[in-house]
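Report on the structure given below.
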Amino acid sequence: MSNPLVSVLCPTFNHGKFIAQAMEGFLSQITTFDFEIIIHDDASSDDTVKLIKNYIAANKNKRISFNTVFETENQYSQGITDYLKNMFMSAKGKYIAFCEGDDYWIDAQKLQKQVDFLEKHPDYAVCFHPVKVFYENHEKPDSVYPETTDSKAFTIKQLLKENFIQTNSVMYRKQNYATLIDTVMPMDWYLHLFHAQFGKIGFIPDAMSAYRRHVGGLWWEAQKGTAAFWKRQGLVHIGLFVELEKIYGTNAQYKKVLHDNLHHIMYTILNLDKSHSGELVEAVIRSYPAQAKDFLVYQSGEFKKTIEDRDAIFVDRNYRETLANEREAELAVMSEKARVYEQELLRIKSSPGYKVVQVVNRLKRLAKR
C-alpha cells in the first residue's frame with residue numbers, strides 16, 4: 001500500500017495477554033481510506049509475536065497493510081530507544097495514530113472521526129478524545145479520563161502542566177521528525193507537546209479507547225514504587241522539561257510552568273537522596289549543571305522568603321529576636337548546602353571527562369557552520 005492516509009504505530013513487548021484486543025481494535029476500523037499498521041516488537045519472550053503474525057495472516061481487509069519489525073534482542077534494556085523515532089520516520093500517512101500493545105480501541109469509527117476532524121480543521125495539529133480507564137486487577141472502579149469535556153480547557157499551557165492526553169486516544173498531523181528526541185520520559189507527553197507546537201489541540205468528546213492499568217506498566221511502577229521509580233527515571237524526566245524548554249521557552253508563561261515542573265522533580269530527588277548518599281543529586285548536577293544551579297538559587301530564595309513571611313506575623317520583640325537567631329542558623333545550613341553543591345559543580349566541570357565533552361560539543365558546533 002503506497003498511499004495510506006493514516007499510519008497506526010504500535011510498540012509491543014510481552015503483551016501476549018493483551019495484544020489480541022489491540023489487533024482486533026485495529027482490524028475492526030471502518031474507514032473510507034487506506035491505513036497502515038506499523039508494529040515494533042522489542043524481542044518479546046512470550047507469544048506476542050506469534051499472535052501478531054496470526055492476525056496479519058488472517059487479515060482480509062484490503063484497506064489495511066502491515067509494516068512490522070520483530071527484534072531478536074531487547075533494545076530498551078540496552079539503552080537503545082531510537083526505535084520509536086524510526087517508527088515515526090517510516091510512517092507514510094498524512095496522520096499518525098498511536099496505540100501500545102496493552103491498550104485497545106473500542107469504537108470502529110475512531111480513525112474515521114479523527115481524520116474527518118483534522119481534514120476539516122487544517123489549523124489543528126493534534127486531535128484526541130476521552131478514554132475508559134480500568135484496572136486489570138479490579139482494585140478500583142472504571143472511570144473516564146479526562147473527566148471534563150470542555151474543549152477550552154485543553155490548551156498548550158495546561159498540557160505543559162499535566163498530560164491530559166492518553167496515548168491511545170491521540171492522532172497527530174504528520175510533521176518532520178528530524179529533530180524528534182527519543183531519550184526523555186514520559187515519551188507520550190513529549191510527543192503531544194512536540195506536535196502541539198505546529199497547531200491547535202482538537203477534542204472529540206466520544207470515549208473511543210480503553211486504557212489498561214496493570215502490573216508491569218510504567219504508570220503502575222510510578223505509583224507503587226516512588227523511590228525506586230525516581231532513582232531509575234529521574235534524569236529522563238528532567239530531560240523532558242529541558243527539551244520542552246527548547247520548544248516553548250521563549251514564552252514567559254510556558255517557561256514558568258516548565259520550571260515549576262522541573263523544580264518539583266529536583267525537589268523530589270533531593271528528598272530521596274538522603275538515603276542514597278548524594279548519588280542522585282550528583283547525577284543531576286553532572287547531567288544538567290545549569291538546571292541544578294538554577295534550582296539551587298530558586299530553593300534558596302523560596303527558603304528565605306518563607307522565613308521572612310513567618311517573621312512578619314509576630315510583633316513580640318523578644319520572640320522576633322529568637323526567630324532572627326533561628327533564621328540565621330537555618331540560612332547558614334542552606335548556605336552550606338549551596339557551597340557543597342557549588343563545589344561539586346566546579347569539580348565536575350574541571351574533570352577530564354567533562355572537558356572532553358565540552359571540546360567535542362564545540363567541534364560539533366564548528367562543523368555545523
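Residue numbering restarts at 1 for every chain of the C-alpha cells, chains are lettered A, B, ... in their displayed order, and ligands are numbered from 1 as they appear.
The protein and nucleic acid residues lying at most 9 Å from stretch 32-36 of chain A are Met1, Asn3, Pro4, Leu5, Val6, Ser7, Val8, Leu9, Lys62, Arg63, Ile64, Ser65, Phe66, Asn67, Ala91, Lys92, Gly93 and Gln112 of chain A, with only C-alpha atoms considered and sequence neighbours fewer than 3 positions away removed.
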Would you mind writing down, as a compact mmCIF listing (two decimals) with C-alpha atoms, in the first residue's frame, each residue of stretch 27-196 of chain A that DSSP on the backbone assigns to strand (DSSP E)?
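Here's the written file selection.txt:
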```txt
# COMPACT_ATOMS: atom_id res chain seq x y z
CA PHE A 35 -4.27 2.88 6.54
CA GLU A 36 -1.13 1.06 7.63
CA ILE A 37 -0.25 -0.53 10.97
CA ILE A 38 3.41 -0.24 11.97
CA ILE A 39 4.34 -2.70 14.71
CA HIS A 40 7.64 -2.82 16.57
CA ASP A 41 8.11 -5.71 18.99
CA ILE A 64 -5.18 -2.27 5.88
CA SER A 65 -1.50 -3.04 5.38
CA PHE A 66 1.19 -4.02 7.90
CA ASN A 67 4.80 -2.96 8.43
CA THR A 68 6.48 -4.99 11.18
CA VAL A 69 9.82 -5.13 12.98
CA PHE A 70 10.41 -8.08 15.32
CA TYR A 95 -1.92 11.42 10.00
CA ILE A 96 -0.45 9.25 12.76
CA ALA A 97 -2.38 7.37 15.46
CA PHE A 98 -0.76 5.58 18.40
CA TYR A 104 -7.08 -1.11 22.61
CA TRP A 105 -9.76 0.80 20.70
CA TYR A 124 -5.11 21.75 14.23
CA ALA A 125 -2.04 19.53 14.77
CA VAL A 126 -3.38 17.20 17.47
CA CYS A 127 -6.75 15.50 17.97
CA PHE A 128 -7.71 13.34 20.94
CA VAL A 131 -10.61 7.02 27.25
CA LYS A 132 -12.18 4.44 29.52
CA VAL A 133 -9.68 3.64 32.30
CA PHE A 134 -9.84 0.28 34.03
CA TYR A 135 -7.66 -1.73 36.42
CA SER A 143 -13.51 5.76 35.08
CA VAL A 144 -13.22 8.11 32.11
CA TYR A 145 -10.19 10.35 31.52
CA MET A 171 -3.99 11.41 16.32
CA TYR A 172 -1.23 13.71 15.05
CA ARG A 173 -0.85 15.61 11.84
```
List every residue of stretch 25-255 of chain A that DSSP, applied to the backbone of this structure, assigns to alpha helix (DSSP H), and report them as a VMD selection string.
chain A and resid 25 to 27 48 to 58 82 to 90 110 to 120 156 to 161 187 to 196 218 to 224 226 to 248 252 to 255
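Using only C-alpha atoms, the nearest neighbour of A:Ala228 within the list A:Ala207, A:Ala252, A:Leu272, A:Ile201 is A:Leu272.
Reported to one decimal place, the separation of atom CA of A:Asp47 from atom CA of A:Lys110 is 27.6 Å.
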Which residues come within 8 Å of A:Asp206, counting only C-alpha atoms, excluding same-chain residues fewer than 2 positions away, as a ChimeraX atom specification?
/A:129-130,204,208
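Interatomic distance, atom CA of A:Lys113 against atom CA of A:Leu159: 22.6 Å.
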Neighbours of A:Gly25 within 9 Å (only C-alpha atoms; same-chain residues fewer than 4 positions away dropped), as a ChimeraX atom specification?
/A:20-21,29,104-108,209
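Comparing the minimum interatomic distances between A:Arg213 and each of A:Asn14, A:Asp103, A:Thr149, A:Tyr267, counting only C-alpha atoms, we find that A:Asp103 sits nearest.
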Atom-to-atom span, atom CA of A:Ile181 and atom CA of A:Phe13, Å
21.1 Å
